[in-house]
$ cat run04.txt   # compact mmCIF, N, CA and C atoms and all ligand atoms
# COMPACT_ATOMS: atom_id res chain seq x y z
N MET V 1 90.38 72.19 6.67
CA MET V 1 89.69 71.48 5.59
C MET V 1 88.58 70.59 6.17
N ALA V 2 87.44 70.55 5.48
CA ALA V 2 86.31 69.76 5.96
C ALA V 2 86.67 68.28 5.99
N THR V 3 86.20 67.57 7.01
CA THR V 3 86.43 66.12 7.07
C THR V 3 85.52 65.44 6.04
N ILE V 4 85.86 64.20 5.73
CA ILE V 4 85.04 63.44 4.79
C ILE V 4 83.62 63.30 5.32
N PHE V 5 83.47 63.23 6.64
CA PHE V 5 82.12 63.09 7.20
C PHE V 5 81.34 64.41 7.10
N SER V 6 82.03 65.55 7.21
CA SER V 6 81.34 66.83 7.01
C SER V 6 80.87 66.93 5.56
N LYS V 7 81.68 66.41 4.64
CA LYS V 7 81.27 66.43 3.23
C LYS V 7 80.06 65.53 3.00
N ILE V 8 80.00 64.43 3.75
CA ILE V 8 78.82 63.55 3.65
C ILE V 8 77.59 64.29 4.17
N VAL V 9 77.71 64.94 5.32
CA VAL V 9 76.58 65.68 5.89
C VAL V 9 76.11 66.77 4.92
N ALA V 10 77.07 67.41 4.27
CA ALA V 10 76.74 68.50 3.33
C ALA V 10 76.19 67.98 2.01
N GLY V 11 76.23 66.66 1.81
CA GLY V 11 75.74 66.09 0.56
C GLY V 11 76.74 66.17 -0.58
N GLU V 12 77.99 66.52 -0.25
CA GLU V 12 79.02 66.62 -1.29
C GLU V 12 79.58 65.25 -1.64
N ILE V 13 79.47 64.30 -0.69
CA ILE V 13 79.86 62.91 -0.92
C ILE V 13 78.62 62.06 -0.60
N PRO V 14 78.28 61.11 -1.48
CA PRO V 14 77.07 60.32 -1.22
C PRO V 14 77.24 59.38 -0.04
N CYS V 15 76.13 59.03 0.56
CA CYS V 15 76.15 58.03 1.63
C CYS V 15 74.81 57.32 1.66
N TYR V 16 74.76 56.25 2.44
CA TYR V 16 73.51 55.53 2.67
C TYR V 16 73.00 55.99 4.02
N LYS V 17 72.22 57.08 3.99
CA LYS V 17 71.76 57.73 5.22
C LYS V 17 70.66 56.91 5.89
N VAL V 18 70.72 56.85 7.23
CA VAL V 18 69.64 56.16 7.95
C VAL V 18 68.88 57.10 8.89
N ALA V 19 69.50 58.18 9.33
CA ALA V 19 68.79 59.10 10.24
C ALA V 19 69.52 60.43 10.29
N GLU V 20 68.74 61.48 10.62
CA GLU V 20 69.32 62.81 10.75
C GLU V 20 68.50 63.62 11.73
N THR V 21 69.18 64.38 12.58
CA THR V 21 68.51 65.37 13.44
C THR V 21 69.23 66.70 13.21
N GLU V 22 68.84 67.71 13.99
CA GLU V 22 69.48 69.02 13.80
C GLU V 22 71.00 68.93 13.99
N HIS V 23 71.44 68.12 14.96
CA HIS V 23 72.87 68.11 15.30
C HIS V 23 73.59 66.80 15.00
N CYS V 24 72.84 65.76 14.63
CA CYS V 24 73.45 64.44 14.45
C CYS V 24 73.05 63.82 13.11
N PHE V 25 73.82 62.83 12.68
CA PHE V 25 73.61 62.22 11.36
C PHE V 25 74.07 60.76 11.48
N ALA V 26 73.36 59.85 10.80
CA ALA V 26 73.75 58.43 10.83
C ALA V 26 73.66 57.85 9.43
N PHE V 27 74.64 57.02 9.09
CA PHE V 27 74.73 56.44 7.75
C PHE V 27 75.49 55.13 7.82
N LEU V 28 75.31 54.30 6.78
CA LEU V 28 76.01 53.02 6.77
C LEU V 28 77.50 53.22 6.54
N ASP V 29 78.30 52.43 7.26
CA ASP V 29 79.74 52.41 7.01
C ASP V 29 79.97 51.83 5.61
N ILE V 30 80.85 52.46 4.86
CA ILE V 30 81.08 52.06 3.47
C ILE V 30 81.82 50.72 3.38
N ASN V 31 82.48 50.35 4.45
CA ASN V 31 83.24 49.09 4.48
C ASN V 31 82.79 48.29 5.70
N PRO V 32 81.57 47.74 5.65
CA PRO V 32 80.96 47.20 6.87
C PRO V 32 81.67 45.98 7.45
N VAL V 33 81.80 45.99 8.76
CA VAL V 33 82.34 44.84 9.48
C VAL V 33 81.29 43.72 9.52
N VAL V 34 80.05 44.13 9.69
CA VAL V 34 78.90 43.21 9.62
C VAL V 34 77.79 43.95 8.86
N PRO V 35 76.82 43.24 8.31
CA PRO V 35 75.70 43.94 7.68
C PRO V 35 74.98 44.79 8.72
N GLY V 36 74.69 46.03 8.37
CA GLY V 36 74.02 46.93 9.32
C GLY V 36 74.99 47.74 10.16
N HIS V 37 76.25 47.80 9.73
CA HIS V 37 77.27 48.61 10.42
C HIS V 37 76.97 50.09 10.14
N VAL V 38 76.58 50.80 11.20
CA VAL V 38 76.16 52.21 11.07
C VAL V 38 77.13 53.11 11.81
N LEU V 39 77.34 54.29 11.27
CA LEU V 39 78.12 55.33 11.96
C LEU V 39 77.19 56.46 12.38
N CYS V 40 77.27 56.85 13.65
CA CYS V 40 76.50 57.99 14.17
C CYS V 40 77.47 59.11 14.48
N ILE V 41 77.22 60.26 13.91
CA ILE V 41 78.17 61.37 14.08
C ILE V 41 77.46 62.65 14.51
N PRO V 42 78.19 63.54 15.19
CA PRO V 42 77.66 64.89 15.36
C PRO V 42 77.95 65.66 14.07
N LYS V 43 77.08 66.56 13.69
CA LYS V 43 77.38 67.35 12.49
C LYS V 43 78.57 68.28 12.74
N LYS V 44 78.71 68.68 13.99
CA LYS V 44 79.85 69.55 14.33
C LYS V 44 81.15 68.78 14.18
N GLU V 45 82.13 69.42 13.60
CA GLU V 45 83.41 68.75 13.37
C GLU V 45 84.28 68.79 14.61
N VAL V 46 84.30 67.68 15.31
CA VAL V 46 85.17 67.52 16.49
C VAL V 46 85.90 66.20 16.29
N ASP V 47 87.18 66.17 16.54
CA ASP V 47 87.99 64.98 16.28
C ASP V 47 87.77 63.90 17.33
N TYR V 48 87.86 64.30 18.61
CA TYR V 48 87.95 63.34 19.71
C TYR V 48 86.67 63.35 20.55
N ILE V 49 86.07 62.19 20.73
CA ILE V 49 84.74 62.14 21.35
C ILE V 49 84.71 62.78 22.73
N PHE V 50 85.80 62.66 23.48
CA PHE V 50 85.77 63.21 24.84
C PHE V 50 86.10 64.70 24.88
N ASP V 51 86.23 65.30 23.67
CA ASP V 51 86.29 66.77 23.58
C ASP V 51 84.92 67.37 23.30
N LEU V 52 83.90 66.53 23.04
CA LEU V 52 82.55 67.07 22.84
C LEU V 52 82.07 67.73 24.12
N ASP V 53 81.33 68.82 23.99
CA ASP V 53 80.74 69.38 25.22
C ASP V 53 79.67 68.41 25.73
N ASP V 54 79.33 68.54 26.99
CA ASP V 54 78.44 67.55 27.62
C ASP V 54 77.11 67.43 26.89
N GLU V 55 76.60 68.56 26.43
CA GLU V 55 75.29 68.56 25.78
C GLU V 55 75.32 67.74 24.49
N LEU V 56 76.33 67.98 23.66
CA LEU V 56 76.40 67.27 22.38
C LEU V 56 76.81 65.80 22.59
N PHE V 57 77.66 65.55 23.57
CA PHE V 57 78.03 64.17 23.92
C PHE V 57 76.78 63.37 24.28
N THR V 58 75.93 63.97 25.11
CA THR V 58 74.69 63.30 25.53
C THR V 58 73.75 63.14 24.35
N GLU V 59 73.60 64.20 23.58
CA GLU V 59 72.68 64.16 22.44
C GLU V 59 73.11 63.09 21.44
N LEU V 60 74.40 62.98 21.18
CA LEU V 60 74.89 61.97 20.23
C LEU V 60 74.59 60.56 20.73
N HIS V 61 74.78 60.34 22.02
CA HIS V 61 74.52 59.00 22.56
C HIS V 61 73.03 58.66 22.57
N LEU V 62 72.20 59.65 22.85
CA LEU V 62 70.75 59.39 22.79
C LEU V 62 70.32 59.14 21.34
N PHE V 63 70.95 59.84 20.42
CA PHE V 63 70.67 59.62 18.99
C PHE V 63 71.12 58.20 18.60
N ALA V 64 72.31 57.80 19.03
CA ALA V 64 72.81 56.44 18.72
C ALA V 64 71.89 55.38 19.31
N LYS V 65 71.36 55.65 20.49
CA LYS V 65 70.43 54.69 21.12
C LYS V 65 69.18 54.52 20.26
N ARG V 66 68.67 55.62 19.76
CA ARG V 66 67.46 55.58 18.92
C ARG V 66 67.76 54.82 17.62
N VAL V 67 68.90 55.11 17.02
CA VAL V 67 69.29 54.42 15.78
C VAL V 67 69.47 52.92 16.06
N ALA V 68 70.10 52.58 17.19
CA ALA V 68 70.35 51.18 17.53
C ALA V 68 69.05 50.40 17.68
N LYS V 69 68.04 51.04 18.25
CA LYS V 69 66.75 50.35 18.42
C LYS V 69 66.11 50.05 17.07
N GLY V 70 66.21 50.96 16.13
CA GLY V 70 65.70 50.70 14.78
C GLY V 70 66.52 49.64 14.08
N LEU V 71 67.83 49.75 14.23
CA LEU V 71 68.75 48.79 13.60
C LEU V 71 68.47 47.37 14.06
N LYS V 72 68.19 47.22 15.35
CA LYS V 72 67.95 45.87 15.89
C LYS V 72 66.67 45.25 15.34
N LYS V 73 65.71 46.09 14.99
CA LYS V 73 64.47 45.56 14.40
C LYS V 73 64.71 45.00 13.01
N VAL V 74 65.69 45.56 12.32
CA VAL V 74 65.92 45.19 10.91
C VAL V 74 66.97 44.09 10.78
N CYS V 75 68.01 44.16 11.58
CA CYS V 75 69.12 43.20 11.48
C CYS V 75 69.02 42.23 12.66
N PRO V 76 68.60 40.99 12.42
CA PRO V 76 68.47 40.04 13.52
C PRO V 76 69.81 39.87 14.23
N CYS V 77 69.79 40.05 15.55
CA CYS V 77 71.04 39.96 16.30
C CYS V 77 70.73 39.80 17.78
N ILE V 78 71.75 39.43 18.53
CA ILE V 78 71.57 39.32 19.97
C ILE V 78 71.58 40.73 20.59
N LYS V 79 72.57 41.51 20.18
CA LYS V 79 72.67 42.88 20.67
C LYS V 79 73.30 43.76 19.59
N ILE V 80 73.04 45.06 19.70
CA ILE V 80 73.79 46.01 18.89
C ILE V 80 75.02 46.43 19.71
N GLY V 81 76.19 46.21 19.15
CA GLY V 81 77.42 46.62 19.81
C GLY V 81 77.78 48.04 19.42
N GLU V 82 78.54 48.68 20.31
CA GLU V 82 78.95 50.07 20.07
C GLU V 82 80.46 50.16 20.23
N ALA V 83 81.10 50.91 19.34
CA ALA V 83 82.54 51.11 19.48
C ALA V 83 82.90 52.51 19.03
N VAL V 84 83.89 53.06 19.67
CA VAL V 84 84.44 54.35 19.23
C VAL V 84 85.93 54.14 19.02
N VAL V 85 86.39 54.43 17.81
CA VAL V 85 87.82 54.29 17.51
C VAL V 85 88.33 55.66 17.08
N GLY V 86 88.01 56.06 15.86
CA GLY V 86 88.36 57.41 15.44
C GLY V 86 89.80 57.59 15.02
N ILE V 87 90.46 56.50 14.69
CA ILE V 87 91.86 56.60 14.27
C ILE V 87 91.96 57.02 12.80
N ASP V 88 91.02 56.56 11.99
CA ASP V 88 91.10 56.83 10.54
C ASP V 88 90.48 58.18 10.16
N VAL V 89 89.33 58.48 10.71
CA VAL V 89 88.63 59.72 10.32
C VAL V 89 88.55 60.65 11.53
N PRO V 90 89.14 61.85 11.43
CA PRO V 90 89.19 62.76 12.58
C PRO V 90 87.90 63.54 12.77
N HIS V 91 86.81 62.80 12.88
CA HIS V 91 85.48 63.41 13.10
C HIS V 91 84.72 62.38 13.94
N VAL V 92 84.30 62.78 15.12
CA VAL V 92 83.67 61.84 16.06
C VAL V 92 82.65 60.95 15.36
N HIS V 93 82.75 59.63 15.63
CA HIS V 93 81.74 58.71 15.12
C HIS V 93 81.62 57.52 16.06
N ILE V 94 80.37 57.12 16.29
CA ILE V 94 80.08 55.91 17.07
C ILE V 94 79.73 54.82 16.08
N HIS V 95 80.48 53.72 16.11
CA HIS V 95 80.14 52.56 15.28
C HIS V 95 79.04 51.77 15.99
N LEU V 96 77.97 51.44 15.28
CA LEU V 96 76.95 50.52 15.77
C LEU V 96 76.98 49.28 14.90
N MET V 97 77.02 48.10 15.54
CA MET V 97 77.10 46.85 14.77
C MET V 97 76.21 45.77 15.37
N PRO V 98 75.34 45.18 14.55
CA PRO V 98 74.57 44.03 15.02
C PRO V 98 75.52 42.86 15.32
N LEU V 99 75.40 42.29 16.52
CA LEU V 99 76.31 41.23 16.95
C LEU V 99 75.55 39.93 17.23
N ASN V 100 76.09 38.84 16.76
CA ASN V 100 75.46 37.53 16.98
C ASN V 100 76.37 36.53 17.68
N LYS V 101 77.65 36.84 17.73
CA LYS V 101 78.57 35.93 18.41
C LYS V 101 79.82 36.70 18.84
N PRO V 102 80.55 36.16 19.81
CA PRO V 102 81.80 36.80 20.21
C PRO V 102 82.71 36.94 18.99
N GLY V 103 83.35 38.07 18.87
CA GLY V 103 84.26 38.26 17.73
C GLY V 103 83.62 38.97 16.55
N ASP V 104 82.29 39.18 16.59
CA ASP V 104 81.65 39.90 15.48
C ASP V 104 82.14 41.34 15.38
N LEU V 105 82.46 41.93 16.52
CA LEU V 105 82.95 43.31 16.50
C LEU V 105 84.47 43.27 16.29
N ASN V 106 84.84 43.01 15.04
CA ASN V 106 86.25 42.80 14.71
C ASN V 106 86.57 43.60 13.46
N PHE V 107 87.31 44.69 13.65
CA PHE V 107 87.58 45.60 12.53
C PHE V 107 88.52 44.99 11.48
N ALA V 108 89.05 43.81 11.77
CA ALA V 108 89.89 43.14 10.77
C ALA V 108 89.03 42.37 9.78
N HIS V 109 87.73 42.26 10.09
CA HIS V 109 86.82 41.48 9.25
C HIS V 109 85.84 42.41 8.55
N HIS V 110 85.54 42.12 7.29
CA HIS V 110 84.56 42.94 6.56
C HIS V 110 83.67 42.05 5.72
N VAL V 111 82.45 42.55 5.44
CA VAL V 111 81.55 41.82 4.55
C VAL V 111 81.40 42.61 3.24
N GLU V 112 81.25 41.87 2.17
CA GLU V 112 81.03 42.49 0.86
C GLU V 112 79.54 42.76 0.69
N MET V 113 79.19 43.99 0.36
CA MET V 113 77.79 44.30 0.06
C MET V 113 77.75 45.19 -1.18
N THR V 114 76.80 44.92 -2.06
CA THR V 114 76.68 45.71 -3.28
C THR V 114 76.00 47.04 -2.95
N PRO V 115 76.15 48.03 -3.83
CA PRO V 115 75.44 49.30 -3.62
C PRO V 115 73.93 49.10 -3.49
N ASP V 116 73.37 48.19 -4.26
CA ASP V 116 71.92 47.93 -4.15
C ASP V 116 71.56 47.37 -2.78
N GLU V 117 72.39 46.46 -2.27
CA GLU V 117 72.13 45.87 -0.95
C GLU V 117 72.24 46.94 0.14
N LEU V 118 73.27 47.79 0.04
CA LEU V 118 73.46 48.85 1.04
C LEU V 118 72.29 49.83 1.00
N SER V 119 71.88 50.17 -0.20
CA SER V 119 70.79 51.13 -0.36
C SER V 119 69.48 50.58 0.22
N ALA V 120 69.19 49.32 -0.08
CA ALA V 120 67.96 48.70 0.42
C ALA V 120 67.99 48.58 1.94
N LEU V 121 69.15 48.20 2.48
CA LEU V 121 69.28 48.05 3.93
C LEU V 121 69.12 49.40 4.62
N ALA V 122 69.75 50.43 4.09
CA ALA V 122 69.64 51.77 4.69
C ALA V 122 68.18 52.23 4.72
N ALA V 123 67.46 51.95 3.66
CA ALA V 123 66.05 52.36 3.61
C ALA V 123 65.24 51.63 4.67
N ARG V 124 65.52 50.34 4.87
CA ARG V 124 64.78 49.57 5.87
C ARG V 124 65.11 50.06 7.28
N ILE V 125 66.38 50.34 7.53
CA ILE V 125 66.78 50.84 8.86
C ILE V 125 66.14 52.20 9.10
N ALA V 126 66.22 53.05 8.10
CA ALA V 126 65.63 54.40 8.24
C ALA V 126 64.16 54.31 8.60
N ALA V 127 63.46 53.40 7.95
CA ALA V 127 62.02 53.26 8.18
C ALA V 127 61.72 52.70 9.58
N ALA V 128 62.69 51.98 10.17
CA ALA V 128 62.47 51.34 11.47
C ALA V 128 62.84 52.25 12.64
N ILE V 129 63.50 53.37 12.36
CA ILE V 129 63.91 54.28 13.44
C ILE V 129 62.75 55.19 13.80
N GLU V 130 62.40 55.18 15.10
CA GLU V 130 61.25 56.00 15.54
C GLU V 130 61.70 57.38 15.96
P1 LIG V 201 87.77 54.77 12.56
O1 LIG V 201 88.14 56.22 12.33
O2 LIG V 201 86.81 54.60 13.70
O3 LIG V 201 88.99 53.91 12.69
O4 LIG V 201 87.02 54.23 11.26
C1 LIG V 201 86.44 55.08 10.30
C2 LIG V 201 85.30 54.34 9.63
O5 LIG V 201 84.75 55.17 8.65
C3 LIG V 201 85.72 53.03 8.92
O6 LIG V 201 84.89 51.96 9.40
C4 LIG V 201 85.48 53.32 7.45
O7 LIG V 201 85.02 52.20 6.71
C5 LIG V 201 84.45 54.43 7.49
N1 LIG V 201 84.55 55.34 6.36
C6 LIG V 201 85.66 55.96 5.92
N2 LIG V 201 85.38 56.75 4.86
C7 LIG V 201 84.05 56.60 4.63
C8 LIG V 201 83.15 57.18 3.67
O8 LIG V 201 83.52 57.96 2.80
N3 LIG V 201 81.86 56.82 3.75
C9 LIG V 201 81.39 55.96 4.70
N4 LIG V 201 80.10 55.67 4.68
N5 LIG V 201 82.20 55.40 5.63
C10 LIG V 201 83.51 55.73 5.59

$ encode --input "run04.txt" --output "structure tokens" --more "lines below"
Ligand code: 5GP
Amino acid sequence: MATIFSKIVAGEIPCYKVAETEHCFAFLDINPVVPGHVLCIPKKEVDYIFDLDDELFTELHLFAKRVAKGLKKVCPCIKIGEAVVGIDVPHVHIHLMPLNKPGDLNFAHHVEMTPDELSALAARIAAAIE
């Protein structure tokens, strides 16, 4: 059965998309830990990041780097943090999060954002990615 992220890539489930390439896709996390919490995924359905072949592993990380640079222009922060968990959704994803203080990368914490806020933020991030 297709993962929820494959359904997002296929357009069967809506998302706040920020970037797409032939093999990778990036969109806002629906339950953001901080504003600007982005997920970068390979379109190929692989559960565990270290099962990706070297080529796609590298491509995904270079894609995440490009997304992070755009994200940092839009969301004021000290650094963009990166995390890989993958416990909830069995489809490789890199979490990118703008960080301003120790403890910002804390999955026990979430911010409330309206659909309008998420949509506007995604558009700004998308426009900032080169
Ligand atoms: P993990 O698998 O790394 O523990 O976390 C999965 C992440 O995917 C969570 O941060 C969760 O909020 C996010 N997520 C789960 N379902 C959806 C969805 O349908 N759309 C979006 N945009 N994010 C999702």

$ select_by_dssp --input "run04.txt" --residues "chain V" --states "alpha helix (DSSP H)" --output "MDAnalysis selection string"
chainID V and resid 4:9 54:74 115:128

$ write_last_selection --input "run04.txt" --atoms "N, CA and C atoms" --output "CSV table (one decimal), in the frame of the given file"
chain,number,residue,atom,x,y,z
V,4,ILE,N,85.9,64.2,5.7
V,4,ILE,CA,85.0,63.4,4.8
V,4,ILE,C,83.6,63.3,5.3
V,5,PHE,N,83.5,63.2,6.6
V,5,PHE,CA,82.1,63.1,7.2
V,5,PHE,C,81.3,64.4,7.1
V,6,SER,N,82.0,65.6,7.2
V,6,SER,CA,81.3,66.8,7.0
V,6,SER,C,80.9,66.9,5.6
V,7,LYS,N,81.7,66.4,4.6
V,7,LYS,CA,81.3,66.4,3.2
V,7,LYS,C,80.1,65.5,3.0
V,8,ILE,N,80.0,64.4,3.8
V,8,ILE,CA,78.8,63.6,3.6
V,8,ILE,C,77.6,64.3,4.2
V,9,VAL,N,77.7,64.9,5.3
V,9,VAL,CA,76.6,65.7,5.9
V,9,VAL,C,76.1,66.8,4.9
V,54,ASP,N,79.3,68.5,27.0
V,54,ASP,CA,78.4,67.6,27.6
V,54,ASP,C,77.1,67.4,26.9
V,55,GLU,N,76.6,68.6,26.4
V,55,GLU,CA,75.3,68.6,25.8
V,55,GLU,C,75.3,67.7,24.5
V,56,LEU,N,76.3,68.0,23.7
V,56,LEU,CA,76.4,67.3,22.4
V,56,LEU,C,76.8,65.8,22.6
V,57,PHE,N,77.7,65.6,23.6
V,57,PHE,CA,78.0,64.2,23.9
V,57,PHE,C,76.8,63.4,24.3
V,58,THR,N,75.9,64.0,25.1
V,58,THR,CA,74.7,63.3,25.5
V,58,THR,C,73.8,63.1,24.4
V,59,GLU,N,73.6,64.2,23.6
V,59,GLU,CA,72.7,64.2,22.4
V,59,GLU,C,73.1,63.1,21.4
V,60,LEU,N,74.4,63.0,21.2
V,60,LEU,CA,74.9,62.0,20.2
V,60,LEU,C,74.6,60.6,20.7
V,61,HIS,N,74.8,60.3,22.0
V,61,HIS,CA,74.5,59.0,22.6
V,61,HIS,C,73.0,58.7,22.6
V,62,LEU,N,72.2,59.6,22.8
V,62,LEU,CA,70.8,59.4,22.8
V,62,LEU,C,70.3,59.1,21.3
V,63,PHE,N,71.0,59.8,20.4
V,63,PHE,CA,70.7,59.6,19.0
V,63,PHE,C,71.1,58.2,18.6
V,64,ALA,N,72.3,57.8,19.0
V,64,ALA,CA,72.8,56.4,18.7
V,64,ALA,C,71.9,55.4,19.3
V,65,LYS,N,71.4,55.6,20.5
V,65,LYS,CA,70.4,54.7,21.1
V,65,LYS,C,69.2,54.5,20.3
V,66,ARG,N,68.7,55.6,19.8
V,66,ARG,CA,67.5,55.6,18.9
V,66,ARG,C,67.8,54.8,17.6
V,67,VAL,N,68.9,55.1,17.0
V,67,VAL,CA,69.3,54.4,15.8
V,67,VAL,C,69.5,52.9,16.1
V,68,ALA,N,70.1,52.6,17.2
V,68,ALA,CA,70.4,51.2,17.5
V,68,ALA,C,69.0,50.4,17.7
V,69,LYS,N,68.0,51.0,18.2
V,69,LYS,CA,66.8,50.4,18.4
V,69,LYS,C,66.1,50.0,17.1
V,70,GLY,N,66.2,51.0,16.1
V,70,GLY,CA,65.7,50.7,14.8
V,70,GLY,C,66.5,49.6,14.1
V,71,LEU,N,67.8,49.8,14.2
V,71,LEU,CA,68.8,48.8,13.6
V,71,LEU,C,68.5,47.4,14.1
V,72,LYS,N,68.2,47.2,15.4
V,72,LYS,CA,68.0,45.9,15.9
V,72,LYS,C,66.7,45.2,15.3
V,73,LYS,N,65.7,46.1,15.0
V,73,LYS,CA,64.5,45.6,14.4
V,73,LYS,C,64.7,45.0,13.0
V,74,VAL,N,65.7,45.6,12.3
V,74,VAL,CA,65.9,45.2,10.9
V,74,VAL,C,67.0,44.1,10.8
V,115,PRO,N,76.2,48.0,-3.8
V,115,PRO,CA,75.4,49.3,-3.6
V,115,PRO,C,73.9,49.1,-3.5
V,116,ASP,N,73.4,48.2,-4.3
V,116,ASP,CA,71.9,47.9,-4.2
V,116,ASP,C,71.6,47.4,-2.8
V,117,GLU,N,72.4,46.5,-2.3
V,117,GLU,CA,72.1,45.9,-1.0
V,117,GLU,C,72.2,46.9,0.1
V,118,LEU,N,73.3,47.8,0.0
V,118,LEU,CA,73.5,48.8,1.0
V,118,LEU,C,72.3,49.8,1.0
V,119,SER,N,71.9,50.2,-0.2
V,119,SER,CA,70.8,51.1,-0.4
V,119,SER,C,69.5,50.6,0.2
V,120,ALA,N,69.2,49.3,-0.1
V,120,ALA,CA,68.0,48.7,0.4
V,120,ALA,C,68.0,48.6,1.9
V,121,LEU,N,69.2,48.2,2.5
V,121,LEU,CA,69.3,48.0,3.9
V,121,LEU,C,69.1,49.4,4.6
V,122,ALA,N,69.8,50.4,4.1
V,122,ALA,CA,69.6,51.8,4.7
V,122,ALA,C,68.2,52.2,4.7
V,123,ALA,N,67.5,52.0,3.7
V,123,ALA,CA,66.0,52.4,3.6
V,123,ALA,C,65.2,51.6,4.7
V,124,ARG,N,65.5,50.3,4.9
V,124,ARG,CA,64.8,49.6,5.9
V,124,ARG,C,65.1,50.1,7.3
V,125,ILE,N,66.4,50.3,7.5
V,125,ILE,CA,66.8,50.8,8.9
V,125,ILE,C,66.1,52.2,9.1
V,126,ALA,N,66.2,53.0,8.1
V,126,ALA,CA,65.6,54.4,8.2
V,126,ALA,C,64.2,54.3,8.6
V,127,ALA,N,63.5,53.4,8.0
V,127,ALA,CA,62.0,53.3,8.2
V,127,ALA,C,61.7,52.7,9.6
V,128,ALA,N,62.7,52.0,10.2
V,128,ALA,CA,62.5,51.3,11.5
V,128,ALA,C,62.8,52.2,12.6

$ residues_near_ligand --input "run04.txt" --ligand "ligand LIG 201 (chain V)" --cutoff "10 Å" --atoms "only C-alpha atoms and all ligand atoms" --output "PyMOL selection string"
chain V and resi 3-5+7-8+13-17+26-33+37-39+47+83-95+107+110

$ residues_around --input "run04.txt" --residues "Lys101 in chain V" --least-positions-apart "3" --cutoff "8 Å" --atoms "all atoms listed in the file" --output "number ranges by chain"
V: 77-79, 98, 104-105

$ axis_aligned_box --input "run04.txt" --around "range 62-73 of chain V" --padding-each-side "8 Å" --output "lines of an AutoDock Vina configuration file"
center_x = 68.6
center_y = 52.4
center_z = 17.9
size_x = 24.3
size_y = 30.8
size_z = 25.8

$ atom_distance --input "run04.txt" --atom1 "CA of Lys73 in chain V" --atom2 "atom N of Thr58 in chain V"
24.2 Å

$ closest_residue --input "run04.txt" --among "V:Val34, V:Val67, V:Ile49, V:Met113" --to "Ile129 in chain V" --atoms "only N, CA and C atoms"
V:Val67

$ atom_distance --input "run04.txt" --atom1 "atom N of Val9 in chain V" --atom2 "CA of Lys72 in chain V"
23.9 Å

$ select_by_dssp --input "run04.txt" --residues "chain V" --states "strand (DSSP E or B)" --output "compact mmCIF listing (two decimals) with N, CA and C atoms, keeping the file's coordinate frame"
# COMPACT_ATOMS: atom_id res chain seq x y z
N LYS V 17 72.22 57.08 3.99
CA LYS V 17 71.76 57.73 5.22
C LYS V 17 70.66 56.91 5.89
N VAL V 18 70.72 56.85 7.23
CA VAL V 18 69.64 56.16 7.95
C VAL V 18 68.88 57.10 8.89
N ALA V 19 69.50 58.18 9.33
CA ALA V 19 68.79 59.10 10.24
C ALA V 19 69.52 60.43 10.29
N GLU V 20 68.74 61.48 10.62
CA GLU V 20 69.32 62.81 10.75
C GLU V 20 68.50 63.62 11.73
N CYS V 24 72.84 65.76 14.63
CA CYS V 24 73.45 64.44 14.45
C CYS V 24 73.05 63.82 13.11
N PHE V 25 73.82 62.83 12.68
CA PHE V 25 73.61 62.22 11.36
C PHE V 25 74.07 60.76 11.48
N ALA V 26 73.36 59.85 10.80
CA ALA V 26 73.75 58.43 10.83
C ALA V 26 73.66 57.85 9.43
N PHE V 27 74.64 57.02 9.09
CA PHE V 27 74.73 56.44 7.75
C PHE V 27 75.49 55.13 7.82
N LEU V 28 75.31 54.30 6.78
CA LEU V 28 76.01 53.02 6.77
C LEU V 28 77.50 53.22 6.54
N VAL V 38 76.58 50.80 11.20
CA VAL V 38 76.16 52.21 11.07
C VAL V 38 77.13 53.11 11.81
N LEU V 39 77.34 54.29 11.27
CA LEU V 39 78.12 55.33 11.96
C LEU V 39 77.19 56.46 12.38
N CYS V 40 77.27 56.85 13.65
CA CYS V 40 76.50 57.99 14.17
C CYS V 40 77.47 59.11 14.48
N ILE V 41 77.22 60.26 13.91
CA ILE V 41 78.17 61.37 14.08
C ILE V 41 77.46 62.65 14.51
N PRO V 42 78.19 63.54 15.19
CA PRO V 42 77.66 64.89 15.36
C PRO V 42 77.95 65.66 14.07
N LYS V 79 72.57 41.51 20.18
CA LYS V 79 72.67 42.88 20.67
C LYS V 79 73.30 43.76 19.59
N ILE V 80 73.04 45.06 19.70
CA ILE V 80 73.79 46.01 18.89
C ILE V 80 75.02 46.43 19.71
N GLY V 81 76.19 46.21 19.15
CA GLY V 81 77.42 46.62 19.81
C GLY V 81 77.78 48.04 19.42
N GLU V 82 78.54 48.68 20.31
CA GLU V 82 78.95 50.07 20.07
C GLU V 82 80.46 50.16 20.23
N ALA V 83 81.10 50.91 19.34
CA ALA V 83 82.54 51.11 19.48
C ALA V 83 82.90 52.51 19.03
N ILE V 94 80.37 57.12 16.29
CA ILE V 94 80.08 55.91 17.07
C ILE V 94 79.73 54.82 16.08
N HIS V 95 80.48 53.72 16.11
CA HIS V 95 80.14 52.56 15.28
C HIS V 95 79.04 51.77 15.99
N LEU V 96 77.97 51.44 15.28
CA LEU V 96 76.95 50.52 15.77
C LEU V 96 76.98 49.28 14.90
N MET V 97 77.02 48.10 15.54
CA MET V 97 77.10 46.85 14.77
C MET V 97 76.21 45.77 15.37
N PRO V 98 75.34 45.18 14.55
CA PRO V 98 74.57 44.03 15.02
C PRO V 98 75.52 42.86 15.32
N LEU V 99 75.40 42.29 16.52
CA LEU V 99 76.31 41.23 16.95
C LEU V 99 75.55 39.93 17.23

$ atom_distance --input "run04.txt" --atom1 "CA of Gly103 in chain V" --atom2 "CA of Lys69 in chain V"
21.3 Å

$ residues_around --input "run04.txt" --residues "Phe63 in chain V" --least-positions-apart "3" --cutoff "8 Å" --atoms "all atoms listed in the file" --output "list in words"
Cys24, Phe25, Cys40, Ile41, Phe57, Thr58, Glu59, Leu60, Arg66, Val67, Ala68 and Lys69 of chain V

$ closest_residue --input "run04.txt" --among "V:Ala120, V:Leu62, V:Ile80, V:Ala2" --to "Leu99 in chain V" --atoms "only C-alpha atoms"
V:Ile80

$ closest_residue --input "run04.txt" --among "V:Leu52, V:Glu82, V:Thr21, V:His109" --to "Leu96 in chain V" --atoms "only N, CA and C atoms"
V:Glu82
